[in-house]
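Below: data02.txt (compact mmCIF, C-alpha atoms)
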# COMPACT_ATOMS: atom_id res chain seq x y z
CA MET V 1 0.00 0.00 0.00
CA ARG V 2 2.93 2.37 0.63
CA THR V 3 4.02 2.08 -3.00
CA MET V 4 0.66 3.09 -4.49
CA THR V 5 0.72 3.91 -8.21
CA VAL V 6 -1.84 4.32 -10.97
CA ASP V 7 -1.07 0.74 -11.97
CA THR V 8 -1.39 -0.79 -8.46
CA VAL V 9 -4.22 1.16 -6.80
CA THR V 10 -7.07 -0.96 -8.24
CA ASP V 11 -5.59 -4.28 -7.11
CA THR V 12 -4.74 -2.77 -3.72
CA VAL V 13 -8.33 -1.67 -3.08
CA ILE V 14 -9.67 -5.05 -4.19
CA ALA V 15 -7.21 -6.78 -1.87
CA SER V 16 -8.63 -4.79 1.04
CA LEU V 17 -12.03 -6.46 0.74
CA GLY V 18 -13.02 -8.58 3.69
CA ARG V 19 -12.32 -12.27 3.96
CA HIS V 20 -14.90 -14.84 2.91
CA ASP V 21 -16.03 -15.14 6.53
CA THR V 22 -16.78 -11.40 6.78
CA ILE V 23 -18.50 -10.63 3.46
CA SER V 24 -20.60 -12.84 1.19
CA ALA V 25 -19.47 -14.11 -2.19
CA ARG V 26 -22.08 -11.84 -3.80
CA GLN V 27 -20.75 -8.79 -1.95
CA ARG V 28 -17.24 -9.62 -3.13
CA GLU V 29 -18.43 -10.10 -6.72
CA ILE V 30 -20.24 -6.76 -6.74
CA MET V 31 -17.44 -4.79 -5.10
CA GLU V 32 -14.65 -6.26 -7.24
CA ALA V 33 -16.56 -5.38 -10.41
CA LEU V 34 -17.52 -1.93 -9.12
CA ILE V 35 -13.96 -1.03 -8.15
CA THR V 36 -12.53 -2.40 -11.40
CA HIS V 37 -14.99 -0.57 -13.67
CA LEU V 38 -15.01 2.65 -11.65
CA HIS V 39 -11.24 2.87 -11.62
CA GLY V 40 -11.20 1.96 -15.31
CA PHE V 41 -13.63 4.78 -16.08
CA CYS V 42 -11.48 7.30 -14.20
CA LYS V 43 -8.40 6.16 -16.13
CA ASP V 44 -10.20 6.14 -19.50
CA VAL V 45 -11.38 9.75 -19.22
CA LYS V 46 -8.39 10.93 -17.15
CA LEU V 47 -10.80 12.33 -14.57
CA THR V 48 -9.52 15.52 -12.94
CA HIS V 49 -9.84 16.29 -9.25
CA GLY V 50 -12.11 19.21 -10.08
CA GLU V 51 -14.42 16.93 -12.04
CA PHE V 52 -14.41 14.45 -9.16
CA LEU V 53 -15.54 17.21 -6.77
CA GLN V 54 -18.22 18.29 -9.23
CA ALA V 55 -19.52 14.73 -9.35
CA CYS V 56 -19.62 14.51 -5.54
CA ASP V 57 -21.55 17.78 -5.40
CA PHE V 58 -23.94 16.54 -8.11
CA LEU V 59 -24.71 13.34 -6.17
CA ALA V 60 -25.15 15.24 -2.93
CA ARG V 61 -27.67 17.56 -4.56
CA ALA V 62 -29.49 14.60 -6.13
CA GLY V 63 -29.88 13.06 -2.69
CA GLN V 64 -31.28 16.28 -1.26
CA ILE V 65 -34.00 16.34 -3.94
CA CYS V 66 -35.31 12.85 -3.13
CA SER V 67 -38.68 12.71 -1.39
CA ASP V 68 -41.88 10.66 -1.40
CA LYS V 69 -42.87 12.61 -4.53
CA ARG V 70 -39.59 12.45 -6.46
CA GLN V 71 -36.92 9.74 -6.49
CA GLU V 72 -34.06 11.50 -8.22
CA PHE V 73 -31.70 8.52 -8.40
CA ILE V 74 -34.29 6.40 -10.25
CA LEU V 75 -34.72 9.30 -12.67
CA LEU V 76 -30.95 9.54 -13.18
CA GLY V 77 -30.81 5.78 -13.73
CA ASP V 78 -33.57 6.10 -16.33
CA ILE V 79 -31.77 8.85 -18.21
CA LEU V 80 -28.63 6.71 -18.39
CA GLY V 81 -30.53 3.60 -19.48
CA VAL V 82 -29.53 1.78 -16.29
CA GLU V 83 -33.03 0.96 -15.06
CA VAL V 84 -34.14 -0.53 -18.38
CA LEU V 85 -30.92 -2.60 -18.49
CA VAL V 86 -31.37 -3.85 -14.92
CA ASP V 87 -35.00 -4.68 -15.69
CA MET V 88 -34.02 -6.77 -18.73
CA LEU V 89 -31.35 -8.58 -16.72
CA SER V 90 -33.81 -9.23 -13.87
CA ASN V 91 -36.74 -10.31 -16.05
CA PRO V 92 -35.44 -12.23 -19.05
CA VAL V 93 -38.08 -13.22 -21.59
CA GLU V 94 -37.83 -16.96 -22.19
CA GLY V 95 -41.22 -17.72 -23.74
CA PRO V 96 -44.55 -16.06 -24.56
CA GLU V 97 -44.63 -13.88 -21.44
CA THR V 98 -45.22 -10.15 -21.76
CA VAL V 99 -42.02 -8.12 -21.72
CA SER V 100 -41.44 -5.75 -18.84
CA THR V 101 -40.01 -2.27 -18.76
CA VAL V 102 -39.09 0.40 -16.23
CA LEU V 103 -41.13 1.30 -13.15
CA GLY V 104 -40.12 4.94 -13.38
CA PRO V 105 -40.12 7.54 -10.61
CA PHE V 106 -43.86 8.37 -10.47
CA PHE V 107 -45.39 5.17 -9.04
CA ARG V 108 -47.44 5.52 -5.84
CA GLN V 109 -48.41 2.67 -3.59
CA ASN V 110 -51.96 2.08 -2.35
CA ALA V 111 -53.86 3.41 -5.34
CA PRO V 112 -57.63 3.04 -4.84
CA ILE V 113 -59.14 -0.39 -5.51
CA LEU V 114 -61.87 0.11 -8.11
CA PRO V 115 -64.52 -2.23 -9.55
CA LYS V 116 -64.05 -3.71 -13.00
CA GLY V 117 -64.88 -1.17 -15.70
CA ALA V 118 -64.62 1.85 -13.39
CA SER V 119 -62.82 5.06 -14.36
CA THR V 120 -59.57 6.38 -12.92
CA VAL V 121 -60.51 9.89 -14.06
CA GLN V 122 -61.39 12.22 -11.19
CA ALA V 123 -60.93 15.54 -13.01
CA ALA V 124 -61.65 16.45 -16.62
CA PHE V 125 -59.26 18.36 -18.89
CA ASP V 126 -60.03 20.29 -22.05
CA GLY V 127 -59.40 18.16 -25.11
CA GLN V 128 -59.02 14.85 -23.26
CA GLU V 129 -59.99 11.61 -24.99
CA THR V 130 -61.43 8.88 -22.82
CA VAL V 131 -60.46 5.26 -23.45
CA LEU V 132 -61.73 1.86 -22.37
CA VAL V 133 -58.75 -0.38 -21.68
CA GLU V 134 -59.52 -4.09 -21.55
CA GLY V 135 -57.93 -7.46 -22.09
CA HIS V 136 -57.04 -10.77 -20.49
CA VAL V 137 -54.31 -12.00 -18.19
CA ARG V 138 -53.18 -15.55 -18.94
CA ASP V 139 -50.35 -17.86 -17.95
CA THR V 140 -47.75 -19.11 -20.43
CA GLU V 141 -49.97 -22.09 -21.26
CA GLY V 142 -52.89 -19.86 -22.21
CA ARG V 143 -54.98 -20.41 -19.09
CA PRO V 144 -56.79 -17.44 -17.52
CA VAL V 145 -55.31 -15.95 -14.38
CA ALA V 146 -58.13 -14.91 -12.07
CA GLY V 147 -57.58 -12.56 -9.15
CA ALA V 148 -54.60 -10.77 -10.71
CA ILE V 149 -54.24 -7.16 -9.56
CA ILE V 150 -53.57 -4.57 -12.25
CA ASP V 151 -52.17 -1.32 -10.86
CA VAL V 152 -52.43 1.51 -13.41
CA TRP V 153 -51.18 5.11 -13.51
CA GLU V 154 -50.64 7.77 -16.17
CA ASP V 155 -50.06 11.45 -16.78
CA ALA V 156 -52.86 13.95 -17.32
CA PRO V 157 -53.38 15.86 -20.60
CA ASN V 158 -51.23 18.65 -19.16
CA GLY V 159 -48.30 16.21 -19.06
CA LEU V 160 -48.20 15.96 -15.26
CA TYR V 161 -48.76 13.06 -12.89
CA GLU V 162 -51.09 13.96 -10.03
CA ASN V 163 -48.34 13.82 -7.40
CA HIS V 164 -46.54 16.60 -9.29
CA ASP V 165 -49.63 18.70 -9.89
CA PRO V 166 -51.31 20.40 -6.90
CA ASN V 167 -54.39 21.10 -9.02
CA GLN V 168 -55.22 17.42 -9.55
CA PRO V 169 -57.19 15.36 -7.01
CA ASP V 170 -55.22 12.85 -4.95
CA TYR V 171 -54.64 9.62 -6.90
CA ASN V 172 -56.17 11.04 -10.08
CA LEU V 173 -55.59 8.70 -13.04
CA ARG V 174 -54.49 5.89 -10.73
CA GLY V 175 -56.28 2.74 -9.68
CA ARG V 176 -56.12 -0.98 -9.00
CA PHE V 177 -58.34 -3.53 -10.74
CA GLU V 178 -58.82 -7.29 -10.37
CA THR V 179 -59.25 -9.84 -13.15
CA ASP V 180 -62.43 -11.95 -13.13
CA ALA V 181 -62.75 -15.72 -13.36
CA GLN V 182 -61.89 -15.58 -17.08
CA GLY V 183 -58.81 -13.48 -16.42
CA HIS V 184 -60.51 -10.43 -17.97
CA TYR V 185 -59.89 -6.86 -16.81
CA ALA V 186 -61.35 -3.51 -17.86
CA PHE V 187 -61.12 0.11 -16.79
CA GLN V 188 -61.67 3.58 -18.18
CA ALA V 189 -58.88 6.13 -18.42
CA ILE V 190 -57.77 8.87 -20.80
CA ARG V 191 -55.45 8.77 -23.76
CA PRO V 192 -51.94 9.44 -22.40
CA VAL V 193 -49.94 12.26 -23.94
CA PRO V 194 -46.19 12.70 -24.45
CA TYR V 195 -44.57 14.60 -21.62
CA PRO V 196 -41.13 15.74 -20.50
CA ILE V 197 -39.43 14.07 -17.59
CA PRO V 198 -38.34 16.66 -15.00
CA GLY V 199 -35.78 18.89 -16.68
CA ASP V 200 -34.89 20.82 -13.57
CA GLU V 201 -32.41 20.01 -10.83
CA THR V 202 -29.80 17.27 -11.35
CA ALA V 203 -31.91 15.28 -13.85
CA GLY V 204 -32.02 18.28 -16.15
CA GLU V 205 -28.31 18.90 -15.69
CA LEU V 206 -27.51 15.33 -16.70
CA ILE V 207 -29.75 15.17 -19.75
CA ARG V 208 -28.41 18.49 -21.04
CA TYR V 209 -24.83 17.30 -20.45
CA MET V 210 -25.70 14.28 -22.62
CA GLY V 211 -27.18 16.48 -25.35
CA HIS V 212 -30.42 14.47 -25.17
CA HIS V 213 -34.02 15.67 -24.78
CA CYS V 214 -36.55 15.16 -21.97
CA MET V 215 -39.56 13.82 -23.89
CA ARG V 216 -41.36 10.51 -23.37
CA PRO V 217 -44.07 9.07 -25.67
CA GLY V 218 -47.64 8.71 -24.42
CA HIS V 219 -48.04 5.57 -22.31
CA LEU V 220 -50.03 3.83 -19.60
CA HIS V 221 -48.14 2.29 -16.70
CA MET V 222 -49.48 -1.14 -15.74
CA MET V 223 -48.21 -3.43 -12.98
CA VAL V 224 -49.71 -6.93 -12.91
CA THR V 225 -49.31 -9.13 -9.85
CA ARG V 226 -50.71 -12.48 -8.72
CA GLU V 227 -49.41 -14.88 -6.09
CA GLY V 228 -47.43 -17.66 -7.73
CA PHE V 229 -46.49 -15.60 -10.78
CA ARG V 230 -43.57 -13.32 -11.53
CA PRO V 231 -44.72 -9.71 -11.08
CA LEU V 232 -44.90 -7.73 -14.30
CA ILE V 233 -44.02 -4.03 -14.43
CA SER V 234 -44.71 -2.66 -17.87
CA GLN V 235 -45.99 0.24 -19.98
CA ILE V 236 -48.39 0.29 -22.92
CA TYR V 237 -47.47 2.85 -25.59
CA ASP V 238 -49.78 4.68 -27.97
CA SER V 239 -48.85 3.60 -31.50
CA SER V 240 -49.59 7.10 -32.83
CA SER V 241 -47.56 8.95 -30.20
CA ALA V 242 -44.53 11.08 -30.92
CA HIS V 243 -41.12 10.07 -29.47
CA LEU V 244 -41.60 6.28 -29.74
CA ASP V 245 -38.18 6.03 -31.38
CA GLU V 246 -36.46 8.61 -29.18
CA ASP V 247 -37.72 7.95 -25.68
CA SER V 248 -35.67 9.88 -23.13
CA VAL V 249 -35.48 6.84 -20.81
CA PHE V 250 -35.10 4.12 -23.52
CA ALA V 251 -38.08 2.10 -22.24
CA VAL V 252 -40.12 1.60 -25.44
CA LYS V 253 -40.34 -1.96 -26.76
CA GLU V 254 -42.15 -3.00 -29.92
CA GLU V 255 -44.21 -5.63 -28.09
CA LEU V 256 -45.66 -2.97 -25.78
CA ILE V 257 -47.08 -0.69 -28.48
CA GLY V 258 -50.89 -0.76 -28.60
CA GLU V 259 -53.48 0.80 -30.90
CA PHE V 260 -55.97 3.28 -29.51
CA ARG V 261 -58.98 2.65 -31.81
CA LYS V 262 -62.08 4.80 -32.19
CA ALA V 263 -64.92 3.40 -30.11
CA PRO V 264 -68.21 2.47 -31.82
CA ALA V 265 -71.15 4.85 -31.70
CA GLY V 266 -72.90 4.80 -28.34
CA ALA V 267 -69.86 3.63 -26.38
CA GLU V 268 -69.07 5.24 -23.03
CA THR V 269 -65.58 6.26 -24.13
CA ASP V 270 -64.02 7.89 -27.19
CA LEU V 271 -61.46 5.15 -27.74
CA LEU V 272 -60.77 1.47 -27.14
CA LEU V 273 -57.46 -0.20 -26.29
CA THR V 274 -57.18 -3.97 -26.03
CA PHE V 275 -54.04 -5.46 -24.53
CA ASP V 276 -53.46 -8.96 -23.14
CA PHE V 277 -50.82 -9.96 -20.61
CA VAL V 278 -49.03 -13.28 -20.22
CA LEU V 279 -47.45 -14.00 -16.82
CA PRO V 280 -44.76 -16.63 -16.20
CA ARG V 281 -44.79 -18.72 -13.05
CA ALA V 282 -42.63 -17.47 -10.25
CA ALA V 283 -39.46 -19.42 -9.58
CA ASN V 284 -40.15 -22.23 -7.10
CA ALA V 285 -43.91 -21.56 -7.17
CA VAL V 286 -45.56 -24.86 -6.25
CA GLY V 287 -49.25 -25.70 -6.21
CA VAL V 288 -50.54 -22.31 -7.36
CA ALA V 289 -52.88 -22.81 -10.25
CA ALA V 290 -54.47 -20.27 -12.52
CA GLU V 291 -58.18 -20.18 -11.77
Written as structure tokens, that's how I'd like the structure from this file.
Amino acid sequence: MRTMTVDTVTDTVIASLGRHDTISARQREIMEALITHLHGFCKDVKLTHGEFLQACDFLARAGQICSDKRQEFILLGDILGVEVLVDMLSNPVEGPETVSTVLGPFFRQNAPILPKGASTVQAAFDGQETVLVEGHVRDTEGRPVAGAIIDVWEDAPNGLYENHDPNQPDYNLRGRFETDAQGHYAFQAIRPVPYPIPGDETAGELIRYMGHHCMRPGHLHMMVTREGFRPLISQIYDSSSAHLDEDSVFAVKEELIGEFRKAPAGAETDLLLTFDFVLPRAANAVGVAAE
């Protein structure tokens, strides 16, 4: 350690990691890779001490922004494509199951439980288009999954989620719905619109440093859960939306693009969207059958 050089510092730090009886094999794997890649990054860009201090200040300010309404580090991970990468690594698609994508920073727990076919809309906006969203949840063998909970949330026509807009009612455009015995679900919502992710604070600093933009295409967030099945966190994108090919958080996948069709005359909503979900069994799930 007393003869530290640019060539020896990485191995020296790795050698300082605890013995196998003090840290787990997984801890050692993570820390060895982190130290190796972090040191490699510093060497590749010849990071200056001033830039190091700027980065420390940036992270400190990001932490100060975090609250129950804004998780800045998730947002930073989205902008860098880290969350979508981690999601793909965590939820590999090995069959007919629906692909997942990022949770994002705007999810709220404990959305109201609503009856099948109910509306999440608590406040109307000029120019909004209402939509009936319906479909089935099935397992990978095509059997209906009854009792699955579908947690939905979206932005309003002004581009804001209700927890970022003091003029919207609490939990506006959010709700939880349960599939019936045939695995069918249905709810009413509004057509989502493209919106910018927060461009202020550290998120804005990062995206401008990258030379990228803040826009996301219109989408519905949908989380599908049922005991015995792997939870699905996904988003359904409007096929006619702008920014499908330039999403600021890289979360669009072809399989998740749906068509908002004009509803027939006399329907309760302006539009219809049909989207089915396929859930894989959870690892080690035993004796849990789709109903």
Pairwise distance, CA of Arg108 (chain V) with CA of Asn172 (chain V), equals 11.2 Å
If you count all atoms listed in the file, which residues fall within 10 Å of Met210 (chain V), apart from same-chain ones fewer than 6 positions away, as a PDB file with C-alpha atoms, in the coordinates of the input?
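Everything below was put into part-v4.pdb:
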ATOM      1  CA  ILE V  79     -31.770   8.850 -18.210  1.00  0.00           C
ATOM      2  CA  LEU V  80     -28.630   6.710 -18.390  1.00  0.00           C
ATOM      3  CA  GLY V 204     -32.020  18.280 -16.150  1.00  0.00           C
TER       4      GLY V 204
END
Which residues, written as an NGL selection string, have at least one atom at most 10 Å from Val121 (chain V), with all atoms listed in the file counted and residues fewer than 3 positions away on the same chain left out?
:V and (118 or 124-125 or 130 or 156 or 169 or 171-175 or 188-190)
For region 120-237 of chain V against region 59-70 of chain V, with a cut-off of 9 Å and counting only C-alpha atoms, what is the closest atom pair and its distance in Å to one decimal for every residue that makes the cut, ordered by chain and number, as JSON lines?
{"residue": "V:Asn163", "atom": "CA", "partner": "V:Lys69", "partner_atom": "CA", "distance": 6.3}
{"residue": "V:His164", "atom": "CA", "partner": "V:Lys69", "partner_atom": "CA", "distance": 7.2}
{"residue": "V:Glu201", "atom": "CA", "partner": "V:Ala62", "partner_atom": "CA", "distance": 7.7}
{"residue": "V:Thr202", "atom": "CA", "partner": "V:Ala62", "partner_atom": "CA", "distance": 5.9}
{"residue": "V:Ala203", "atom": "CA", "partner": "V:Ala62", "partner_atom": "CA", "distance": 8.1}
File dump, residues just selected, C-alpha atoms, as an mmCIF file, in the frame of the given file:
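The resulting out-v9.cif:
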data_model
loop_
_atom_site.group_PDB
_atom_site.id
_atom_site.type_symbol
_atom_site.label_atom_id
_atom_site.label_comp_id
_atom_site.auth_asym_id
_atom_site.auth_seq_id
_atom_site.Cartn_x
_atom_site.Cartn_y
_atom_site.Cartn_z
ATOM 1 C CA ASN V 163 -48.340 13.820 -7.400
ATOM 2 C CA HIS V 164 -46.540 16.600 -9.290
ATOM 3 C CA GLU V 201 -32.410 20.010 -10.830
ATOM 4 C CA THR V 202 -29.800 17.270 -11.350
ATOM 5 C CA ALA V 203 -31.910 15.280 -13.850
#
Smallest atom-to-atom distance to His219 (chain V): which of V:Thr101, V:Ser119, V:Gln182, V:Ser16, using all atoms listed in the file?
V:Thr101
When you look at region 82-88 of chain V with a cut-off of 8 Å (counting only C-alpha atoms), what residues show up, excluding the ones that are within fewer than 2 positions of it in the same chain? I need them as a list of chain:residue names.
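My list of contacting residues is V:Ile74, V:Gly77, V:Asp78, V:Ile79, V:Leu80, V:Ser90, V:Asn91, V:Pro92, V:Ser100, V:Thr101, V:Val102, V:Val249, V:Phe250, V:Ala251.
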Selection: 10 Å around Leu17 (chain V), all atoms listed in the file, excl. self and same-chain fewer than 2 positions, as a ChimeraX atom specification
/V:12-15,19-20,22-23,27-28,31-32
Measuring atom to atom with only C-alpha atoms, identify which of V:Phe58, V:Phe41, V:Phe106, V:Tyr209 is nearest to Asp155 (chain V).
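Smallest distance to Asp155 (chain V) is found for V:Phe106.
Among the candidate residues V:Thr269, V:Ser239, V:Ser248, V:Thr120, the one lying nearest to Gly218 (chain V) is V:Ser239, with distances computed using all atoms listed in the file.
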Excluding same-chain residues fewer than 6 positions from Gly135 (chain V), what lies within 7 Å of it counting only C-alpha atoms, as number ranges by chain?
V: 184-186, 274-276
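Nearest to Val252 (chain V) of all the residues V:Gly104, V:Pro280, V:Gly199, V:Pro217 is V:Pro217, based on all atoms listed in the file.
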Can you patch up region 226-252 of chain V, filling it in to N, CA and C atoms, and show the result as a PDB file, keeping the file's coordinate frame?
ATOM      1  N   ARG V 226     -49.862 -11.375  -9.192  1.00  0.00           N
ATOM      2  CA  ARG V 226     -50.710 -12.480  -8.720  1.00  0.00           C
ATOM      3  C   ARG V 226     -49.807 -13.469  -8.007  1.00  0.00           C
ATOM      4  N   GLU V 227     -50.210 -13.909  -6.831  1.00  0.00           N
ATOM      5  CA  GLU V 227     -49.410 -14.880  -6.090  1.00  0.00           C
ATOM      6  C   GLU V 227     -49.107 -16.091  -6.963  1.00  0.00           C
ATOM      7  N   GLY V 228     -47.848 -16.506  -6.948  1.00  0.00           N
ATOM      8  CA  GLY V 228     -47.430 -17.660  -7.730  1.00  0.00           C
ATOM      9  C   GLY V 228     -46.889 -17.324  -9.103  1.00  0.00           C
ATOM     10  N   PHE V 229     -46.967 -16.030  -9.479  1.00  0.00           N
ATOM     11  CA  PHE V 229     -46.490 -15.600 -10.780  1.00  0.00           C
ATOM     12  C   PHE V 229     -45.446 -14.493 -10.605  1.00  0.00           C
ATOM     13  N   ARG V 230     -44.557 -14.387 -11.584  1.00  0.00           N
ATOM     14  CA  ARG V 230     -43.570 -13.320 -11.530  1.00  0.00           C
ATOM     15  C   ARG V 230     -44.265 -11.979 -11.767  1.00  0.00           C
ATOM     16  N   PRO V 231     -44.082 -11.017 -10.876  1.00  0.00           N
ATOM     17  CA  PRO V 231     -44.720  -9.710 -11.080  1.00  0.00           C
ATOM     18  C   PRO V 231     -44.267  -9.081 -12.391  1.00  0.00           C
ATOM     19  N   LEU V 232     -45.193  -8.396 -13.033  1.00  0.00           N
ATOM     20  CA  LEU V 232     -44.900  -7.730 -14.300  1.00  0.00           C
ATOM     21  C   LEU V 232     -45.040  -6.223 -14.119  1.00  0.00           C
ATOM     22  N   ILE V 233     -43.992  -5.497 -14.396  1.00  0.00           N
ATOM     23  CA  ILE V 233     -44.020  -4.030 -14.430  1.00  0.00           C
ATOM     24  C   ILE V 233     -43.816  -3.624 -15.879  1.00  0.00           C
ATOM     25  N   SER V 234     -44.810  -2.945 -16.452  1.00  0.00           N
ATOM     26  CA  SER V 234     -44.710  -2.660 -17.870  1.00  0.00           C
ATOM     27  C   SER V 234     -45.388  -1.339 -18.207  1.00  0.00           C
ATOM     28  N   GLN V 235     -45.346  -0.971 -19.479  1.00  0.00           N
ATOM     29  CA  GLN V 235     -45.990   0.240 -19.980  1.00  0.00           C
ATOM     30  C   GLN V 235     -46.578  -0.080 -21.347  1.00  0.00           C
ATOM     31  N   ILE V 236     -47.770   0.471 -21.626  1.00  0.00           N
ATOM     32  CA  ILE V 236     -48.390   0.290 -22.920  1.00  0.00           C
ATOM     33  C   ILE V 236     -48.323   1.627 -23.653  1.00  0.00           C
ATOM     34  N   TYR V 237     -47.724   1.620 -24.846  1.00  0.00           N
ATOM     35  CA  TYR V 237     -47.470   2.850 -25.590  1.00  0.00           C
ATOM     36  C   TYR V 237     -48.499   3.046 -26.693  1.00  0.00           C
ATOM     37  N   ASP V 238     -48.849   4.296 -26.918  1.00  0.00           N
ATOM     38  CA  ASP V 238     -49.780   4.680 -27.970  1.00  0.00           C
ATOM     39  C   ASP V 238     -49.046   4.625 -29.314  1.00  0.00           C
ATOM     40  N   SER V 239     -49.548   3.800 -30.231  1.00  0.00           N
ATOM     41  CA  SER V 239     -48.850   3.600 -31.500  1.00  0.00           C
ATOM     42  C   SER V 239     -48.757   4.878 -32.333  1.00  0.00           C
ATOM     43  N   SER V 240     -49.624   5.867 -32.059  1.00  0.00           N
ATOM     44  CA  SER V 240     -49.590   7.100 -32.830  1.00  0.00           C
ATOM     45  C   SER V 240     -48.837   8.210 -32.123  1.00  0.00           C
ATOM     46  N   SER V 241     -48.228   7.910 -30.998  1.00  0.00           N
ATOM     47  CA  SER V 241     -47.560   8.950 -30.200  1.00  0.00           C
ATOM     48  C   SER V 241     -46.229   9.369 -30.813  1.00  0.00           C
ATOM     49  N   ALA V 242     -45.877  10.621 -30.578  1.00  0.00           N
ATOM     50  CA  ALA V 242     -44.530  11.080 -30.920  1.00  0.00           C
ATOM     51  C   ALA V 242     -43.532  10.493 -29.923  1.00  0.00           C
ATOM     52  N   HIS V 243     -42.258  10.446 -30.313  1.00  0.00           N
ATOM     53  CA  HIS V 243     -41.120  10.070 -29.470  1.00  0.00           C
ATOM     54  C   HIS V 243     -41.010   8.563 -29.208  1.00  0.00           C
ATOM     55  N   LEU V 244     -41.734   7.729 -29.941  1.00  0.00           N
ATOM     56  CA  LEU V 244     -41.600   6.280 -29.740  1.00  0.00           C
ATOM     57  C   LEU V 244     -40.180   5.812 -30.041  1.00  0.00           C
ATOM     58  N   ASP V 245     -39.522   6.456 -30.980  1.00  0.00           N
ATOM     59  CA  ASP V 245     -38.180   6.030 -31.380  1.00  0.00           C
ATOM     60  C   ASP V 245     -37.082   6.878 -30.751  1.00  0.00           C
ATOM     61  N   GLU V 246     -37.462   7.749 -29.819  1.00  0.00           N
ATOM     62  CA  GLU V 246     -36.460   8.610 -29.180  1.00  0.00           C
ATOM     63  C   GLU V 246     -36.829   8.875 -27.730  1.00  0.00           C
ATOM     64  N   ASP V 247     -37.294   7.835 -27.073  1.00  0.00           N
ATOM     65  CA  ASP V 247     -37.720   7.950 -25.680  1.00  0.00           C
ATOM     66  C   ASP V 247     -36.540   8.375 -24.808  1.00  0.00           C
ATOM     67  N   SER V 248     -36.764   9.360 -23.951  1.00  0.00           N
ATOM     68  CA  SER V 248     -35.670   9.880 -23.130  1.00  0.00           C
ATOM     69  C   SER V 248     -35.163   8.888 -22.101  1.00  0.00           C
ATOM     70  N   VAL V 249     -35.938   7.821 -21.798  1.00  0.00           N
ATOM     71  CA  VAL V 249     -35.480   6.840 -20.810  1.00  0.00           C
ATOM     72  C   VAL V 249     -35.323   5.441 -21.436  1.00  0.00           C
ATOM     73  N   PHE V 250     -35.439   5.341 -22.786  1.00  0.00           N
ATOM     74  CA  PHE V 250     -35.100   4.120 -23.520  1.00  0.00           C
ATOM     75  C   PHE V 250     -35.984   2.923 -23.156  1.00  0.00           C
ATOM     76  N   ALA V 251     -37.242   3.180 -22.768  1.00  0.00           N
ATOM     77  CA  ALA V 251     -38.080   2.100 -22.240  1.00  0.00           C
ATOM     78  C   ALA V 251     -39.053   1.520 -23.247  1.00  0.00           C
ATOM     79  N   VAL V 252     -39.156   2.094 -24.451  1.00  0.00           N
ATOM     80  CA  VAL V 252     -40.120   1.600 -25.440  1.00  0.00           C
ATOM     81  C   VAL V 252     -39.657   0.268 -26.016  1.00  0.00           C
TER      82      VAL V 252
END
